[in-house]
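The data block below is run-v2.cif; it holds mmCIF, C-alpha atoms and all ligand atoms.
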```
data_structure
loop_
_atom_site.label_atom_id
_atom_site.label_comp_id
_atom_site.auth_asym_id
_atom_site.auth_seq_id
_atom_site.Cartn_x
_atom_site.Cartn_y
_atom_site.Cartn_z
CA MET A 1 260.90 -93.71 130.22
CA SER A 2 262.09 -97.26 130.92
CA ASP A 3 259.78 -100.23 130.86
CA PHE A 4 260.01 -100.46 134.63
CA ASP A 5 258.94 -96.87 135.23
CA LEU A 6 255.46 -97.82 134.06
CA PRO A 7 252.76 -98.15 136.75
CA PRO A 8 252.96 -101.47 138.62
CA SER A 9 249.19 -101.77 138.29
CA ALA A 10 249.48 -103.07 134.70
CA PRO A 11 247.45 -106.29 134.45
CA ARG A 12 249.40 -109.50 134.93
CA ARG A 13 247.15 -111.71 132.89
CA ILE A 14 245.29 -110.83 129.73
CA VAL A 15 242.40 -112.72 128.19
CA PRO A 16 242.64 -112.50 124.39
CA PRO A 17 239.85 -110.53 122.67
CA PRO A 18 236.75 -112.71 122.09
CA ALA A 19 236.21 -111.45 118.52
CA ILE A 20 239.12 -113.47 117.17
CA THR A 21 238.32 -117.09 116.37
CA SER A 22 240.51 -120.13 116.85
CA ARG A 23 242.68 -121.47 114.08
CA PRO A 24 240.91 -124.18 111.99
CA GLY A 25 241.86 -127.66 113.13
CA ALA A 26 241.90 -126.98 116.86
CA GLU A 27 238.73 -129.03 117.32
CA SER A 28 240.13 -132.16 115.68
CA ARG A 29 243.29 -131.99 117.79
CA ALA A 30 241.17 -131.72 120.93
CA ALA A 31 239.45 -134.94 119.93
CA SER A 32 242.72 -136.84 119.55
CA ASP A 33 243.90 -139.21 122.25
CA VAL A 34 247.24 -137.42 122.82
CA VAL A 35 247.62 -136.38 126.45
CA ARG A 36 247.50 -132.60 126.42
CA ASP A 37 249.48 -131.88 129.57
CA VAL A 38 252.44 -129.81 128.37
CA GLY A 39 252.56 -126.14 129.32
CA VAL A 40 254.90 -123.76 127.52
CA VAL A 41 256.26 -120.45 128.77
CA ILE A 42 257.68 -118.38 125.90
CA VAL A 43 259.69 -115.56 127.37
CA ALA A 44 259.51 -112.46 125.20
CA GLY A 45 259.87 -109.87 127.93
CA GLY A 46 263.40 -108.68 127.20
CA GLN A 47 264.60 -105.39 125.75
CA GLY A 48 266.99 -106.83 123.15
CA THR A 49 269.71 -104.34 124.01
CA ARG A 50 272.47 -106.35 122.35
CA THR A 51 270.86 -105.91 118.92
CA GLY A 52 271.59 -102.20 119.30
CA GLY A 53 268.25 -101.28 117.72
CA THR A 54 265.20 -99.45 119.03
CA GLU A 55 262.57 -102.03 118.07
CA LEU A 56 262.09 -105.02 120.37
CA LYS A 57 263.83 -107.93 118.64
CA GLN A 58 261.07 -110.41 119.46
CA PHE A 59 258.60 -108.23 117.49
CA ARG A 60 260.88 -107.69 114.49
CA TRP A 61 259.96 -109.54 111.33
CA VAL A 62 262.01 -112.56 110.29
CA ALA A 63 261.02 -114.82 107.37
CA GLY A 64 257.67 -113.15 106.85
CA LYS A 65 256.36 -112.72 110.38
CA PRO A 66 257.25 -111.35 113.80
CA MET A 67 259.99 -113.42 115.41
CA LEU A 68 257.87 -114.40 118.42
CA LEU A 69 255.06 -115.73 116.22
CA HIS A 70 257.33 -118.42 114.71
CA SER A 71 257.92 -120.34 117.91
CA LEU A 72 254.41 -119.63 119.22
CA GLN A 73 252.93 -121.35 116.16
CA THR A 74 255.44 -124.20 116.37
CA PHE A 75 254.36 -125.01 119.93
CA MET A 76 250.66 -124.53 119.15
CA ALA A 77 250.97 -127.09 116.34
CA ARG A 78 251.78 -129.79 118.91
CA PRO A 79 248.76 -131.79 120.08
CA ASP A 80 250.32 -132.36 123.52
CA VAL A 81 250.46 -128.62 124.29
CA HIS A 82 247.76 -127.59 126.73
CA THR A 83 248.59 -123.87 127.03
CA VAL A 84 251.24 -121.44 125.87
CA VAL A 85 251.91 -118.51 128.18
CA VAL A 86 253.61 -115.70 126.28
CA VAL A 87 255.46 -113.29 128.56
CA LEU A 88 255.64 -109.78 127.13
CA PRO A 89 257.45 -106.65 128.32
CA ARG A 90 255.38 -104.69 130.81
CA SER A 91 254.97 -101.96 128.19
CA HIS A 92 253.13 -104.38 125.85
CA ALA A 93 251.41 -106.93 128.11
CA ALA A 94 248.21 -104.94 128.60
CA ASP A 95 247.84 -104.30 124.88
CA PRO A 96 249.52 -107.16 123.01
CA PRO A 97 250.19 -106.81 119.29
CA PRO A 98 247.19 -108.18 117.33
CA TRP A 99 249.29 -110.62 115.30
CA LEU A 100 249.90 -112.55 118.53
CA PHE A 101 246.41 -113.98 118.23
CA GLN A 102 247.21 -115.72 114.93
CA CYS A 103 247.16 -119.04 116.74
CA ASP A 104 244.77 -121.19 118.73
CA ILE A 105 243.77 -118.46 121.18
CA ASP A 106 241.90 -120.93 123.38
CA ARG A 107 245.33 -122.18 124.43
CA LEU A 108 247.03 -118.77 124.70
CA LEU A 109 247.67 -116.67 127.82
CA VAL A 110 249.70 -113.48 128.08
CA SER A 111 251.76 -112.55 131.16
CA THR A 112 253.90 -109.60 132.12
CA GLY A 113 257.68 -109.78 132.08
CA GLY A 114 260.14 -108.85 134.79
CA ARG A 115 263.44 -107.06 134.94
CA GLU A 116 265.48 -110.28 134.52
CA ARG A 117 264.71 -113.29 132.36
CA ALA A 118 264.22 -115.47 135.45
CA GLU A 119 261.56 -113.08 136.74
CA SER A 120 259.75 -113.26 133.42
CA VAL A 121 259.81 -117.07 133.58
CA ALA A 122 258.52 -117.03 137.17
CA ASN A 123 255.64 -114.75 136.16
CA GLY A 124 254.76 -117.06 133.28
CA LEU A 125 254.86 -120.13 135.52
CA GLU A 126 252.26 -118.56 137.81
CA ASP A 127 249.78 -118.62 134.92
CA ILE A 128 250.35 -122.25 133.93
CA PRO A 129 247.01 -124.07 134.37
CA ASP A 130 246.54 -126.89 136.91
CA ASP A 131 246.23 -129.66 134.28
CA VAL A 132 249.82 -129.17 133.11
CA ARG A 133 252.36 -131.77 134.26
CA THR A 134 255.38 -130.94 132.06
CA VAL A 135 256.62 -127.39 131.52
CA LEU A 136 258.77 -126.13 128.65
CA VAL A 137 260.48 -122.75 128.88
CA HIS A 138 261.46 -121.22 125.55
CA ASP A 139 263.14 -118.02 124.35
CA ALA A 140 261.13 -116.05 121.79
CA ALA A 141 264.58 -115.16 120.46
CA ARG A 142 264.93 -118.74 119.12
CA PRO A 143 262.38 -118.65 116.29
CA LEU A 144 263.62 -121.69 114.36
CA VAL A 145 263.29 -124.32 117.07
CA PRO A 146 262.61 -127.66 115.32
CA ASP A 147 259.74 -129.87 116.44
CA ASP A 148 261.96 -132.96 116.74
CA LEU A 149 264.12 -131.08 119.24
CA ILE A 150 260.99 -130.18 121.24
CA GLU A 151 259.95 -133.83 121.14
CA ARG A 152 263.28 -134.96 122.62
CA VAL A 153 262.92 -132.46 125.45
CA VAL A 154 259.33 -133.49 126.21
CA GLN A 155 260.19 -137.21 126.22
CA GLU A 156 263.05 -136.71 128.65
CA ALA A 157 261.12 -134.35 130.93
CA ARG A 158 258.26 -136.87 131.07
CA ARG A 159 260.79 -139.32 132.57
CA GLY A 160 261.16 -137.00 135.56
CA HIS A 161 264.35 -135.13 134.64
CA GLY A 162 265.07 -131.61 133.63
CA ALA A 163 265.97 -131.75 129.91
CA VAL A 164 268.13 -129.25 128.08
CA PRO A 165 268.88 -129.23 124.34
CA ALA A 166 272.60 -128.74 123.86
CA LEU A 167 275.44 -128.93 121.37
CA PRO A 168 279.00 -129.91 122.23
CA VAL A 169 281.60 -127.14 122.02
CA VAL A 170 283.81 -127.82 118.99
CA ASP A 171 286.25 -124.89 119.06
CA THR A 172 289.31 -124.74 121.27
CA ILE A 173 288.36 -122.68 124.33
CA LYS A 174 290.67 -120.14 126.01
CA GLU A 175 290.36 -118.31 129.30
CA VAL A 176 291.50 -114.71 128.72
CA ASP A 177 292.22 -111.96 131.25
CA GLU A 178 291.08 -108.31 131.08
CA SER A 179 294.22 -107.26 129.17
CA GLY A 180 293.56 -109.81 126.40
CA ARG A 181 296.27 -112.20 127.51
CA ILE A 182 295.42 -115.91 127.41
CA VAL A 183 295.45 -117.45 130.87
CA ARG A 184 294.95 -121.06 129.82
CA THR A 185 293.31 -123.46 127.44
CA VAL A 186 290.13 -124.92 128.90
CA GLU A 187 289.39 -128.63 128.55
CA ARG A 188 286.37 -128.66 126.25
CA ALA A 189 285.39 -132.33 126.32
CA ARG A 190 282.69 -131.69 128.93
CA LEU A 191 281.49 -128.29 127.66
CA TRP A 192 278.12 -127.89 125.95
CA ARG A 193 276.21 -124.89 124.55
CA VAL A 194 272.67 -125.02 125.85
CA GLN A 195 269.52 -123.89 124.09
CA THR A 196 265.78 -123.81 124.66
CA PRO A 197 263.14 -125.09 125.16
CA GLN A 198 264.26 -126.49 128.48
CA GLY A 199 261.74 -128.96 129.87
CA PHE A 200 260.92 -129.96 133.42
CA PRO A 201 258.40 -131.82 135.53
CA ARG A 202 256.12 -129.09 136.75
CA GLU A 203 256.97 -129.46 140.44
CA MET A 204 260.71 -129.26 139.72
CA ILE A 205 260.63 -125.98 137.82
CA GLU A 206 258.12 -124.37 140.19
CA GLN A 207 260.25 -125.27 143.21
CA ALA A 208 263.45 -124.09 141.53
CA HIS A 209 261.97 -120.68 140.75
CA ALA A 210 260.36 -120.37 144.19
CA VAL A 211 263.71 -120.99 145.91
CA ALA A 212 265.51 -118.66 143.50
CA ARG A 213 263.02 -115.89 144.19
CA ARG A 214 263.24 -116.43 147.97
CA ASP A 215 267.06 -116.58 148.08
CA GLY A 216 267.83 -114.07 145.34
CA ILE A 217 269.61 -116.69 143.22
CA VAL A 218 270.46 -115.59 139.69
CA ALA A 219 271.02 -117.91 136.72
CA THR A 220 270.94 -117.25 132.99
CA ASP A 221 268.83 -120.33 132.32
CA ASP A 222 266.20 -122.39 134.11
CA ALA A 223 268.25 -125.57 134.27
CA GLY A 224 270.82 -123.60 136.27
CA LEU A 225 268.27 -123.07 139.04
CA CYS A 226 267.39 -126.78 139.10
CA GLU A 227 271.07 -127.82 139.12
CA ARG A 228 271.67 -125.72 142.21
CA LEU A 229 268.99 -127.67 144.06
CA GLY A 230 270.52 -130.99 142.99
CA PHE A 231 267.64 -131.92 140.69
CA PRO A 232 268.66 -134.25 137.84
CA VAL A 233 269.03 -132.37 134.57
CA VAL A 234 270.27 -134.03 131.39
CA VAL A 235 271.18 -132.84 127.90
CA VAL A 236 269.41 -133.99 124.77
CA PRO A 237 270.69 -133.28 121.25
CA GLY A 238 270.14 -129.64 120.29
CA SER A 239 270.20 -128.11 116.82
CA GLU A 240 272.05 -125.30 115.06
CA ARG A 241 268.60 -124.20 113.86
CA ALA A 242 267.66 -123.43 117.45
CA MET A 243 270.13 -120.51 117.41
CA LYS A 244 269.35 -117.43 119.48
CA VAL A 245 268.98 -114.04 117.82
CA THR A 246 271.17 -111.97 120.12
CA GLU A 247 273.05 -109.43 117.98
CA GLU A 248 272.04 -107.54 114.84
CA GLY A 249 273.90 -109.92 112.53
CA ASP A 250 271.88 -112.86 113.85
CA PHE A 251 268.78 -111.62 111.99
CA ALA A 252 270.50 -112.35 108.67
CA ARG A 253 271.66 -115.75 109.96
CA ALA A 254 268.11 -116.58 111.01
CA GLU A 255 266.72 -115.50 107.61
CA ALA A 256 269.30 -117.71 105.88
CA LEU A 257 268.41 -120.71 108.05
CA PHE A 258 264.69 -120.23 107.40
CA ALA A 259 265.48 -120.41 103.68
CA LEU A 260 267.15 -123.81 104.12
CA PRO A 261 265.14 -127.02 104.47
CA ALA A 262 264.76 -128.08 108.12
N1 LIG B 301 263.73 -109.53 131.49
C1 LIG B 301 263.72 -110.40 130.48
C2 LIG B 301 264.89 -110.67 129.74
C3 LIG B 301 264.83 -111.58 128.69
N2 LIG B 301 263.66 -112.18 128.38
C4 LIG B 301 263.58 -113.06 127.22
O1 LIG B 301 264.53 -114.10 127.34
C5 LIG B 301 264.95 -114.54 126.06
C6 LIG B 301 266.48 -114.68 126.01
O2 LIG B 301 267.07 -113.47 126.42
P1 LIG B 301 268.04 -112.57 125.55
O3 LIG B 301 268.32 -113.14 124.24
O4 LIG B 301 269.18 -112.21 126.43
O5 LIG B 301 267.08 -111.34 125.28
P2 LIG B 301 267.11 -109.86 125.84
O6 LIG B 301 267.25 -109.85 127.32
O7 LIG B 301 265.93 -109.21 125.25
O8 LIG B 301 268.43 -109.32 125.14
P3 LIG B 301 269.57 -108.38 125.72
O9 LIG B 301 270.26 -109.18 126.79
O10 LIG B 301 270.42 -108.12 124.53
O11 LIG B 301 268.87 -107.14 126.25
C7 LIG B 301 264.41 -113.53 125.05
O12 LIG B 301 263.37 -114.13 124.29
C8 LIG B 301 263.94 -112.38 125.90
O13 LIG B 301 262.82 -111.69 125.37
C9 LIG B 301 262.52 -111.91 129.14
O14 LIG B 301 261.46 -112.48 128.85
N3 LIG B 301 262.58 -111.03 130.18
C1 LIG B 302 268.36 -119.49 128.24
C2 LIG B 302 269.46 -119.30 127.24
O1 LIG B 302 268.93 -119.05 125.96
C3 LIG B 302 270.24 -120.60 127.16
O2 LIG B 302 271.25 -120.50 126.22
C4 LIG B 302 270.37 -118.17 127.61
O3 LIG B 302 271.02 -118.43 128.79
C5 LIG B 302 269.68 -116.82 127.63
O4 LIG B 302 270.46 -115.76 128.13
P1 LIG B 302 271.83 -115.17 127.56
O5 LIG B 302 272.19 -114.09 128.50
O6 LIG B 302 271.60 -114.67 126.18
O7 LIG B 302 272.83 -116.29 127.60
#
```
Once you've parsed the file, please lay out its structure as C-alpha cells.
Ligand SMILES: Nc1ccn([C@@H]2O[C@H](COP(=O)(O)OP(=O)(O)OP(=O)(O)O)[C@@H](O)[C@H]2O)c(=O)n1
Ligand SMILES: C[C@](O)(CO)[C@H](O)COP(=O)(O)O
Amino acid sequence: MSDFDLPPSAPRRIVPPPAITSRPGAESRAASDVVRDVGVVIVAGGQGTRTGGTELKQFRWVAGKPMLLHSLQTFMARPDVHTVVVVLPRSHAADPPPWLFQCDIDRLLVSTGGRERAESVANGLEDIPDDVRTVLVHDAARPLVPDDLIERVVQEARRGHGAVPALPVVDTIKEVDESGRIVRTVERARLWRVQTPQGFPREMIEQAHAVARRDGIVATDDAGLCERLGFPVVVVPGSERAMKVTEEGDFARAEALFALPA
C-alpha cells in the first residue's frame, strides 16, 4: 500500500502528548529579550526512494540519533525560533515516533506531508502560528546544518528578501544528450548549488505557495516559487556541512562530517 492510499481523514495537525515535559532551559530562553518570531517548517514527508532502502531516510540513525532529530534540535536551540512545524509522511503523522518529542515540545507542531515536497511545505505553512514574521523551510535530509548558516539566512530574510544558502559551482559543467554525447560546456560563473534552510518574509512565502497551488506550478525548492513571482531572492554563503542525504552513500559522508569539528 502506498502512503497515499491511506485514508484522507488522517489528522493534519497533532498536539504532542502532554506526558512529555519540555527540555530544561526553555523557560530561561523565553525570558530573554530576543524576538521570537521565526517559524521553521522542516519537511520530512518524503519517501527517500533514491536511497534504495525500505526505511524512511529521515528516520534512519546518523551520528547517534534519527536524522530528523539533528536539525530539529538545532533549530530548537535558537532563541529566535517561535515554532517548528515538522511535516511527516501521512503514514506517520498521526502517530509520530516518540523520539520526535526530545525537544522543547511547547514549540513543536506536526503536520502531514503531501505527494510532492512543495505540497508538504504548503501544509506546514498552514500551521505556522500568527506571531511568526520570518519563515525558514528546511529539509530533514540536511541534518548537519550549521547555526551560523541559519543566522545568515535569518538576517537576510529579516531585511525583506528571500534568502538561500548556496555554494558556487567549482567543477566544469557539461550539457550532455541522451546518448551520452556532450552538447556544450556551460558557463559556470553564475551557477550556484542551493541548500536549505531557505528563509522568507512570511507574506512572501505564503503568497508564493498559494499561487503555486492555484496555478499548478512545480519547483524543486521554495525560492523557485518566489523567483517566478518576481520577489527578490538572494544567496548567502552556504556550507558543505549542509549537504543533503540523497543516496545511500551519503549516510557515510554525513557520519564522517559529524565526526569532524564544525
Ligand atoms: N513529498 C515530499 C517529498 C520530500 N519531502 C522532504 O523534502 C526533503 C528533500 O527531499 P529529497 O531529498 O528529495 O527527499 P525524498 O523526496 O524523500 O527523496 P527521493 O526523491 O529520493 O524520494 C526531504 O527532507 C524530504 O523528506 C517532503 O517533505 N515531502
Ligand atoms: C530544496 C533542495 O534541497 C534545494 O537543494 C532540493 O531542491 C530538494 O529536492 P531535490 O529533488 O533533491 O533537488
Requested in this report: Please indicate the distance in Å from atom O13 of ligand LIG 301 (chain B) to atom CA of A:Gln47, rounded to one decimal place.
Outcome: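 Answer for the atom O13 of ligand LIG 301 (chain B) to atom CA of A:Gln47 separation: 6.6 Å.
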Requested in this report: Enumerate as a PyMOL selection string the residues within 12 Å of ligand LIG 302 (chain B), counting all atoms listed in the file.
Outcome: chain A and resi 42-44+46-51+116-118+120-121+136-143+145+164-167+192-199+218-225+238+242-247
Query raised in the report: What's the 7 Å shell around A:Asp37, counting all atoms listed in the file, without same-chain residues fewer than 4 positions away, as a list in words?
Result: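 Skipping anything fewer than 4 positions along the chain leaves Asp80, Val81, His82, Asp131, Val132, Arg133 and Thr134 of chain A.
Here atom CA of A:Arg190 stands at a distance of 18.2 Å from atom CA of A:Gly162.
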Requested in this report: Have a look at A:Val62, A:Ala77, A:Val40, A:Leu68 and name the one nearest to ligand LIG 301 (chain B); count all atoms listed in the file.
Outcome: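 Once distances to ligand LIG 301 (chain B) are computed over all atoms listed in the file, the minimum belongs to A:Leu68.
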Report task. Report the distance between atom CA of A:Ala256 and atom CA of A:Glu240 in Å, rounded to one decimal place. Result ->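 According to the coordinates, atom CA of A:Ala256 and atom CA of A:Glu240 are separated by 12.2 Å.
Proximity ranking of A:Ala210, A:Gly216, A:Cys103, A:Pro168 relative to A:Leu191 places A:Pro168 first, based on all atoms listed in the file.
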Query - Option closest in space to A:Thr74, from A:Ile150, A:Ala94, A:Thr112, A:Trp99 [counting all atoms listed in the file] - result: A:Ile150
Report task. Find the residues around A:Arg184 up to 9 Å (all atoms listed in the file counted), leave out those fewer than 6 positions away in its own chain, and share them as number ranges by chain. Result -> A: 173-176
